[in-house]
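Peer 1: mmCIF, C-alpha atoms and all ligand atoms, saved as data16.cif, coming up:
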data_final
#
loop_
_atom_site.label_atom_id
_atom_site.label_comp_id
_atom_site.auth_asym_id
_atom_site.auth_seq_id
_atom_site.Cartn_x
_atom_site.Cartn_y
_atom_site.Cartn_z
CA MET A 1 -111.37 -37.83 -8.99
CA ARG A 2 -111.71 -38.37 -12.69
CA ILE A 3 -114.90 -39.61 -14.32
CA LEU A 4 -115.62 -40.81 -17.86
CA ILE A 5 -119.12 -40.26 -19.22
CA VAL A 6 -120.10 -42.36 -22.23
CA GLU A 7 -123.34 -40.92 -23.57
CA ASP A 8 -124.63 -40.19 -27.09
CA GLU A 9 -127.19 -37.51 -26.17
CA PRO A 10 -125.10 -34.30 -26.34
CA ASP A 11 -127.36 -32.13 -24.15
CA PHE A 12 -127.57 -34.71 -21.39
CA LEU A 13 -123.82 -35.34 -21.62
CA ARG A 14 -123.07 -31.62 -21.27
CA THR A 15 -125.45 -31.25 -18.33
CA VAL A 16 -123.95 -34.20 -16.41
CA ALA A 17 -120.37 -33.14 -17.18
CA GLN A 18 -121.00 -29.59 -15.99
CA PHE A 19 -122.75 -30.79 -12.82
CA LEU A 20 -119.84 -33.07 -11.91
CA ARG A 21 -117.19 -30.46 -12.76
CA GLU A 22 -118.89 -28.02 -10.39
CA ASP A 23 -118.49 -30.72 -7.75
CA GLY A 24 -114.73 -30.71 -8.41
CA TYR A 25 -114.50 -33.80 -10.59
CA ALA A 26 -112.33 -34.00 -13.67
CA VAL A 27 -114.65 -35.20 -16.43
CA ASP A 28 -113.88 -36.80 -19.79
CA ALA A 29 -116.58 -37.50 -22.36
CA ALA A 30 -117.14 -40.03 -25.12
CA PRO A 31 -120.12 -39.76 -27.53
CA ASP A 32 -120.16 -43.42 -28.58
CA GLY A 33 -119.19 -46.88 -27.40
CA GLU A 34 -116.07 -47.17 -29.49
CA GLU A 35 -114.43 -44.01 -28.16
CA GLY A 36 -115.76 -44.84 -24.69
CA LEU A 37 -114.12 -48.26 -24.67
CA TYR A 38 -110.83 -46.82 -25.91
CA LYS A 39 -110.74 -44.14 -23.21
CA ALA A 40 -111.90 -46.53 -20.48
CA GLN A 41 -109.05 -48.89 -21.32
CA GLU A 42 -106.37 -46.21 -21.67
CA THR A 43 -107.06 -44.06 -18.61
CA GLU A 44 -107.33 -44.88 -14.90
CA TYR A 45 -110.78 -43.42 -14.20
CA ASP A 46 -112.19 -43.35 -10.69
CA ALA A 47 -115.61 -44.22 -12.13
CA ILE A 48 -117.46 -44.46 -15.44
CA VAL A 49 -121.02 -43.35 -16.22
CA LEU A 50 -122.11 -45.61 -19.05
CA ASP A 51 -125.27 -45.29 -21.11
CA ALA A 52 -126.67 -48.66 -22.16
CA MET A 53 -127.80 -47.66 -25.65
CA LEU A 54 -124.88 -46.27 -27.67
CA PRO A 55 -123.76 -46.15 -31.31
CA TYR A 56 -121.13 -48.61 -32.65
CA ILE A 57 -120.61 -50.57 -29.43
CA ASP A 58 -123.47 -50.60 -26.92
CA GLY A 59 -122.94 -50.17 -23.20
CA PHE A 60 -123.23 -53.90 -22.44
CA GLU A 61 -120.59 -54.90 -24.98
CA LEU A 62 -118.31 -52.04 -23.86
CA LEU A 63 -118.65 -53.26 -20.28
CA ARG A 64 -118.03 -56.88 -21.24
CA GLN A 65 -114.79 -55.95 -23.01
CA LEU A 66 -113.69 -53.55 -20.26
CA ARG A 67 -114.21 -56.19 -17.56
CA LEU A 68 -111.72 -58.50 -19.28
CA LYS A 69 -109.05 -55.98 -18.21
CA LYS A 70 -110.31 -53.52 -15.62
CA LYS A 71 -112.36 -53.17 -12.44
CA THR A 72 -113.15 -49.46 -12.84
CA PRO A 73 -116.47 -48.80 -11.04
CA VAL A 74 -119.29 -48.47 -13.59
CA LEU A 75 -122.66 -46.77 -13.09
CA MET A 76 -124.92 -47.86 -15.92
CA LEU A 77 -127.76 -45.70 -17.25
CA THR A 78 -130.74 -47.66 -18.52
CA ALA A 79 -134.21 -46.91 -19.83
CA ARG A 80 -136.71 -46.89 -16.96
CA ALA A 81 -139.07 -49.39 -18.54
CA ARG A 82 -136.46 -52.01 -19.30
CA VAL A 83 -135.85 -54.20 -16.26
CA ARG A 84 -134.10 -56.61 -18.60
CA ASP A 85 -131.43 -53.96 -19.31
CA ARG A 86 -130.71 -53.45 -15.62
CA ILE A 87 -130.33 -57.19 -15.06
CA GLN A 88 -128.09 -57.51 -18.09
CA GLY A 89 -126.04 -54.51 -16.95
CA LEU A 90 -125.46 -55.89 -13.47
CA ASP A 91 -124.75 -59.38 -14.82
CA THR A 92 -122.18 -57.95 -17.24
CA GLY A 93 -120.27 -56.30 -14.39
CA ALA A 94 -121.89 -52.93 -13.75
CA ASP A 95 -121.52 -51.87 -10.11
CA ASP A 96 -124.77 -49.92 -10.01
CA TYR A 97 -127.43 -48.62 -12.36
CA LEU A 98 -129.73 -45.65 -12.62
CA ALA A 99 -132.86 -45.47 -14.77
CA LYS A 100 -133.35 -42.51 -17.09
CA PRO A 101 -134.45 -39.78 -16.66
CA VAL A 102 -131.86 -39.44 -13.91
CA ASP A 103 -131.75 -37.05 -11.00
CA LEU A 104 -128.30 -35.43 -11.06
CA GLY A 105 -128.03 -35.32 -7.29
CA GLU A 106 -128.73 -39.05 -7.11
CA LEU A 107 -126.24 -39.74 -9.90
CA ALA A 108 -123.52 -37.83 -8.00
CA ALA A 109 -124.36 -39.64 -4.73
CA ARG A 110 -124.18 -43.05 -6.41
CA LEU A 111 -120.82 -42.14 -7.96
CA ARG A 112 -119.46 -41.09 -4.57
CA ALA A 113 -120.60 -44.40 -3.06
CA LEU A 114 -119.04 -46.40 -5.92
CA ILE A 115 -115.73 -44.57 -5.58
CA ARG A 116 -115.67 -45.04 -1.79
CA ARG A 117 -116.45 -48.74 -2.04
CA ALA A 118 -113.80 -49.23 -4.73
CA HIS A 119 -111.30 -48.04 -2.10
CA GLY A 120 -112.76 -50.22 0.64
CA ASN A 121 -114.70 -47.49 2.46
CA ALA A 122 -118.40 -48.15 2.89
CA ALA A 123 -118.85 -45.26 5.36
CA PRO A 124 -118.86 -41.72 3.96
CA VAL A 125 -116.88 -40.14 6.81
CA ILE A 126 -113.15 -40.88 7.01
CA HIS A 127 -110.92 -39.91 9.95
CA VAL A 128 -107.19 -39.39 9.59
CA ASP A 129 -105.54 -38.11 12.79
CA ASP A 130 -107.42 -34.90 13.73
CA VAL A 131 -108.91 -34.47 10.29
CA GLU A 132 -112.40 -35.61 9.37
CA ILE A 133 -113.31 -35.90 5.70
CA ASP A 134 -117.00 -36.23 4.92
CA THR A 135 -117.08 -37.57 1.36
CA ALA A 136 -120.87 -37.25 1.15
CA ALA A 137 -120.98 -33.58 2.16
CA ARG A 138 -117.54 -32.99 0.60
CA SER A 139 -116.55 -31.12 3.75
CA VAL A 140 -113.49 -31.23 5.98
CA THR A 141 -112.91 -30.42 9.63
CA LEU A 142 -109.71 -30.15 11.65
CA ARG A 143 -110.20 -30.84 15.39
CA GLY A 144 -113.91 -30.18 14.85
CA GLU A 145 -113.40 -26.85 13.11
CA PRO A 146 -114.52 -26.47 9.47
CA VAL A 147 -111.71 -26.11 6.93
CA VAL A 148 -112.50 -24.30 3.68
CA LEU A 149 -110.94 -25.94 0.63
CA THR A 150 -111.17 -25.20 -3.08
CA ALA A 151 -112.76 -27.91 -5.25
CA ARG A 152 -109.34 -29.04 -6.48
CA GLU A 153 -107.80 -29.04 -3.01
CA TYR A 154 -110.69 -31.17 -1.80
CA ALA A 155 -110.32 -33.53 -4.78
CA LEU A 156 -106.61 -33.98 -4.08
CA LEU A 157 -107.22 -34.52 -0.36
CA GLU A 158 -109.99 -37.04 -1.04
CA PHE A 159 -107.85 -38.98 -3.50
CA LEU A 160 -104.91 -39.19 -1.09
CA THR A 161 -107.25 -40.11 1.77
CA LEU A 162 -109.02 -42.90 -0.12
CA ASN A 163 -105.54 -44.23 -0.95
CA ARG A 164 -104.15 -43.61 2.53
CA GLY A 165 -101.08 -45.55 3.52
CA ARG A 166 -99.96 -45.68 -0.12
CA ILE A 167 -97.50 -43.42 -1.91
CA ILE A 168 -99.26 -41.62 -4.76
CA THR A 169 -97.06 -40.34 -7.55
CA ARG A 170 -97.36 -36.89 -9.08
CA THR A 171 -98.35 -38.58 -12.35
CA GLN A 172 -101.23 -40.34 -10.62
CA LEU A 173 -102.35 -37.07 -9.08
CA TYR A 174 -102.34 -35.39 -12.48
CA GLU A 175 -104.27 -38.25 -14.05
CA HIS A 176 -106.95 -38.21 -11.38
CA LEU A 177 -107.32 -34.44 -11.00
CA HIS A 178 -107.25 -33.21 -14.59
CA ASP A 179 -109.49 -34.06 -17.49
CA GLU A 180 -108.82 -34.14 -21.22
CA ASN A 181 -109.76 -30.47 -21.60
CA ASP A 182 -107.32 -29.17 -18.98
CA THR A 183 -103.88 -27.89 -19.74
CA PRO A 184 -102.08 -29.12 -16.65
CA ILE A 185 -99.77 -26.52 -15.20
CA SER A 186 -96.69 -28.33 -14.03
CA ASN A 187 -96.47 -26.87 -10.52
CA LEU A 188 -100.21 -27.01 -9.75
CA VAL A 189 -99.95 -30.15 -7.62
CA ASP A 190 -97.24 -28.48 -5.53
CA VAL A 191 -99.45 -25.44 -5.02
CA HIS A 192 -102.39 -27.58 -3.87
CA ILE A 193 -100.16 -29.61 -1.52
CA PHE A 194 -98.70 -26.39 -0.12
CA ASN A 195 -102.19 -24.99 0.53
CA LEU A 196 -103.47 -28.22 2.08
CA ARG A 197 -100.50 -28.32 4.46
CA LYS A 198 -101.14 -24.72 5.42
CA LYS A 199 -104.77 -25.58 6.22
CA LEU A 200 -104.35 -29.04 7.77
CA GLY A 201 -100.84 -28.96 9.22
CA ALA A 202 -97.42 -29.42 7.65
CA GLU A 203 -97.16 -33.05 8.80
CA PHE A 204 -100.50 -34.15 7.39
CA ILE A 205 -99.19 -34.92 3.90
CA ALA A 206 -95.83 -36.70 3.71
CA THR A 207 -93.47 -36.11 0.81
CA HIS A 208 -91.51 -39.12 -0.43
CA ARG A 209 -88.67 -37.60 -2.36
CA GLY A 210 -88.63 -38.68 -5.98
CA GLN A 211 -91.72 -40.87 -5.45
CA GLY A 212 -94.75 -38.86 -4.44
CA TYR A 213 -97.05 -38.08 -1.52
CA SER A 214 -98.95 -39.97 1.12
CA ILE A 215 -101.45 -39.52 3.95
CA GLY A 216 -101.90 -41.64 7.04
CA CA B 301 -128.20 -43.55 -25.58
#
Would you mind writing the file out in structure tokens?

Peer 2:
Amino acid sequence: MRILIVEDEPDFLRTVAQFLREDGYAVDAAPDGEEGLYKAQETEYDAIVLDAMLPYIDGFELLRQLRLKKKTPVLMLTARARVRDRIQGLDTGADDYLAKPVDLGELAARLRALIRRAHGNAAPVIHVDDVEIDTAARSVTLRGEPVVLTAREYALLEFLTLNRGRIITRTQLYEHLHDENDTPISNLVDVHIFNLRKKLGAEFIATHRGQGYSIG
């Protein structure tokens, strides 16, 4: 899952980015509204964390322009005292908001919920055959037994699961698993798929030759 954070306070931006990366997300950053809008339009993010008050283009205007083209889930960050900002954010097309100062655990939970809902899953636990994926706990079991996955393996599994029944191309996997700071290694997706099959069964992920992969 790949997240864009648009935030002009460098310390807060770094803290949020690091927290989400430790959770296995790929994270891109933009320090102002102009760069944020550009990136939001150019890349297929799974969700965007958008500060309301930003240089050049504020969060509301960014959102208004983004919504002309894209439905990317947006979590808006507003000042606690300003109810007006929250209303304006939601009315402009934000999917959720959080008042500053934010609790990072709550921010991550709200992002998970937004991403699930964007894929039509309100419930956090998803079953595919004998595999249970708990997107809240970020844990996986096979026939009731815990399966240990790396952060990237989990991210790949979650992305395929939320898109189950659809063929996902290698390009899409790269775009959703790597951020702008990564140097993607060309065979990394194959390695993760290989490991997931070893852990969850060879049949669990289908290969569609020349097209991509699918689950379910
Ligand atoms: Ca700000």

Peer 1: Report as a ChimeraX atom specification which protein, DNA and RNA residues come within 8 Å of ligand CA 301 (chain B), using only C-alpha atoms and all ligand atoms.

Peer 2: /A:7-9,51-55

Peer 1: Name the residues in contact with Ala17 in chain A at a cut-off of 10 Å, using only C-alpha atoms, excluding same-chain residues fewer than 6 positions from it; report them as a list in words.

Peer 2: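 Once the nearby chain positions are removed, what remains is Ile3, Leu4, Ile5, Asp11, Asp23, Tyr25, Ala26, Val27, Asp28 and Ala29 of chain A.
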
Peer 1: Select all residues near (-109.8, -29.0, -2.8) (cut-off 10 Å, inclusive, file coordinates), counting all atoms listed in the file, and output them as an mmCIF file with C-alpha atoms, keeping the file's coordinate frame.

Peer 2:
data_model
loop_
_atom_site.group_PDB
_atom_site.id
_atom_site.type_symbol
_atom_site.label_atom_id
_atom_site.label_comp_id
_atom_site.auth_asym_id
_atom_site.auth_seq_id
_atom_site.Cartn_x
_atom_site.Cartn_y
_atom_site.Cartn_z
ATOM 1 C CA GLY A 24 -114.730 -30.710 -8.410
ATOM 2 C CA ARG A 138 -117.540 -32.990 0.600
ATOM 3 C CA SER A 139 -116.550 -31.120 3.750
ATOM 4 C CA VAL A 140 -113.490 -31.230 5.980
ATOM 5 C CA VAL A 148 -112.500 -24.300 3.680
ATOM 6 C CA LEU A 149 -110.940 -25.940 0.630
ATOM 7 C CA THR A 150 -111.170 -25.200 -3.080
ATOM 8 C CA ALA A 151 -112.760 -27.910 -5.250
ATOM 9 C CA ARG A 152 -109.340 -29.040 -6.480
ATOM 10 C CA GLU A 153 -107.800 -29.040 -3.010
ATOM 11 C CA TYR A 154 -110.690 -31.170 -1.800
ATOM 12 C CA ALA A 155 -110.320 -33.530 -4.780
ATOM 13 C CA LEU A 156 -106.610 -33.980 -4.080
ATOM 14 C CA LEU A 157 -107.220 -34.520 -0.360
ATOM 15 C CA GLU A 158 -109.990 -37.040 -1.040
ATOM 16 C CA HIS A 192 -102.390 -27.580 -3.870
ATOM 17 C CA ILE A 193 -100.160 -29.610 -1.520
ATOM 18 C CA ASN A 195 -102.190 -24.990 0.530
ATOM 19 C CA LEU A 196 -103.470 -28.220 2.080
#

Peer 1: If we count all atoms listed in the file and set the cut-off at 12 Å, which residues sit around Leu90 in chain A, ignoring sequence neighbours fewer than 3 positions away in its own chain? Please answer as a compact mmCIF listing (two decimals) with C-alpha atoms, in the frame of the given file.

Peer 2:
# COMPACT_ATOMS: atom_id res chain seq x y z
CA ALA A 52 -126.67 -48.66 -22.16
CA GLY A 59 -122.94 -50.17 -23.20
CA PHE A 60 -123.23 -53.90 -22.44
CA LEU A 63 -118.65 -53.26 -20.28
CA ARG A 64 -118.03 -56.88 -21.24
CA ARG A 67 -114.21 -56.19 -17.56
CA PRO A 73 -116.47 -48.80 -11.04
CA VAL A 74 -119.29 -48.47 -13.59
CA LEU A 75 -122.66 -46.77 -13.09
CA MET A 76 -124.92 -47.86 -15.92
CA LEU A 77 -127.76 -45.70 -17.25
CA THR A 78 -130.74 -47.66 -18.52
CA VAL A 83 -135.85 -54.20 -16.26
CA ARG A 84 -134.10 -56.61 -18.60
CA ASP A 85 -131.43 -53.96 -19.31
CA ARG A 86 -130.71 -53.45 -15.62
CA ILE A 87 -130.33 -57.19 -15.06
CA GLY A 93 -120.27 -56.30 -14.39
CA ALA A 94 -121.89 -52.93 -13.75
CA ASP A 95 -121.52 -51.87 -10.11
CA ASP A 96 -124.77 -49.92 -10.01
CA TYR A 97 -127.43 -48.62 -12.36
CA LEU A 98 -129.73 -45.65 -12.62

Peer 1: Box in all listed atoms of range 202-210 of chain A, axis-aligned, with 3 Å more on each side; write out centre and edge lengths in Å to one decimal as JSON.

Peer 2:
{"center_x": -94.6, "center_y": -34.3, "center_z": 1.4, "size_x": 17.9, "size_y": 15.7, "size_z": 20.8}

Peer 1: Identify, on the basis of all atoms listed in the file, every residue whose closest approach to Arg197 in chain A does not exceed 12 Å; exclude the query and any residue fewer than 6 positions from it along the same chain; express the result as a ChimeraX atom specification.

Peer 2: /A:131,142,147,149,153,156-157,190-191,203-207,213,215

Peer 1: Please list as a PyMOL selection string every residue within 10 Å of Asn163 in chain A, counting all atoms listed in the file and excluding residues in the same chain fewer than 3 positions away.

Peer 2: chain A and resi 119-120+157-160+166-168+214-216

Peer 1: CA of Arg143 in chain A and CA of Arg21 in chain A are how many Å apart?

Peer 2: 29.0 Å

Peer 1: With only C-alpha atoms as the atoms that count, which of A:Thr161, A:Gln18, A:Phe12, A:Ala118 lies nearest to Lys100 in chain A?

Peer 2: A:Phe12

Peer 1: Counting only C-alpha atoms, figure out which residue out of A:Glu175, A:Ala137, A:Leu50, A:Gly210 gets nearest to Gly89 in chain A.

Peer 2: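 Checking each of A:Glu175, A:Ala137, A:Leu50, A:Gly210 against Gly89 in chain A, counting only C-alpha atoms, the winner is A:Leu50.
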
Peer 1: N, CA and C atoms are needed for range 131-143 of chain A; please write them out as a CSV table (one decimal), keeping the file's coordinate frame.

Peer 2:
chain,number,residue,atom,x,y,z
A,131,VAL,N,-108.2,-35.0,11.4
A,131,VAL,CA,-108.9,-34.5,10.3
A,131,VAL,C,-110.1,-35.4,10.0
A,132,GLU,N,-111.2,-34.8,9.8
A,132,GLU,CA,-112.4,-35.6,9.4
A,132,GLU,C,-112.8,-35.2,8.0
A,133,ILE,N,-112.9,-36.2,7.1
A,133,ILE,CA,-113.3,-35.9,5.7
A,133,ILE,C,-114.7,-36.5,5.5
A,134,ASP,N,-115.7,-35.7,5.2
A,134,ASP,CA,-117.0,-36.2,4.9
A,134,ASP,C,-117.2,-36.3,3.4
A,135,THR,N,-117.1,-37.5,2.8
A,135,THR,CA,-117.1,-37.6,1.4
A,135,THR,C,-118.5,-37.4,0.8
A,136,ALA,N,-119.5,-37.5,1.6
A,136,ALA,CA,-120.9,-37.2,1.2
A,136,ALA,C,-121.1,-35.7,1.1
A,137,ALA,N,-120.8,-35.0,2.1
A,137,ALA,CA,-121.0,-33.6,2.2
A,137,ALA,C,-119.8,-32.8,1.5
A,138,ARG,N,-118.8,-33.6,1.2
A,138,ARG,CA,-117.5,-33.0,0.6
A,138,ARG,C,-117.0,-31.9,1.5
A,139,SER,N,-117.0,-32.1,2.8
A,139,SER,CA,-116.6,-31.1,3.8
A,139,SER,C,-115.5,-31.7,4.6
A,140,VAL,N,-114.7,-30.8,5.2
A,140,VAL,CA,-113.5,-31.2,6.0
A,140,VAL,C,-113.5,-30.4,7.3
A,141,THR,N,-113.1,-31.1,8.4
A,141,THR,CA,-112.9,-30.4,9.6
A,141,THR,C,-111.6,-30.8,10.2
A,142,LEU,N,-111.0,-29.9,10.9
A,142,LEU,CA,-109.7,-30.2,11.6
A,142,LEU,C,-110.0,-29.9,13.1
A,143,ARG,N,-109.8,-30.9,14.0
A,143,ARG,CA,-110.2,-30.8,15.4
A,143,ARG,C,-111.6,-30.2,15.6
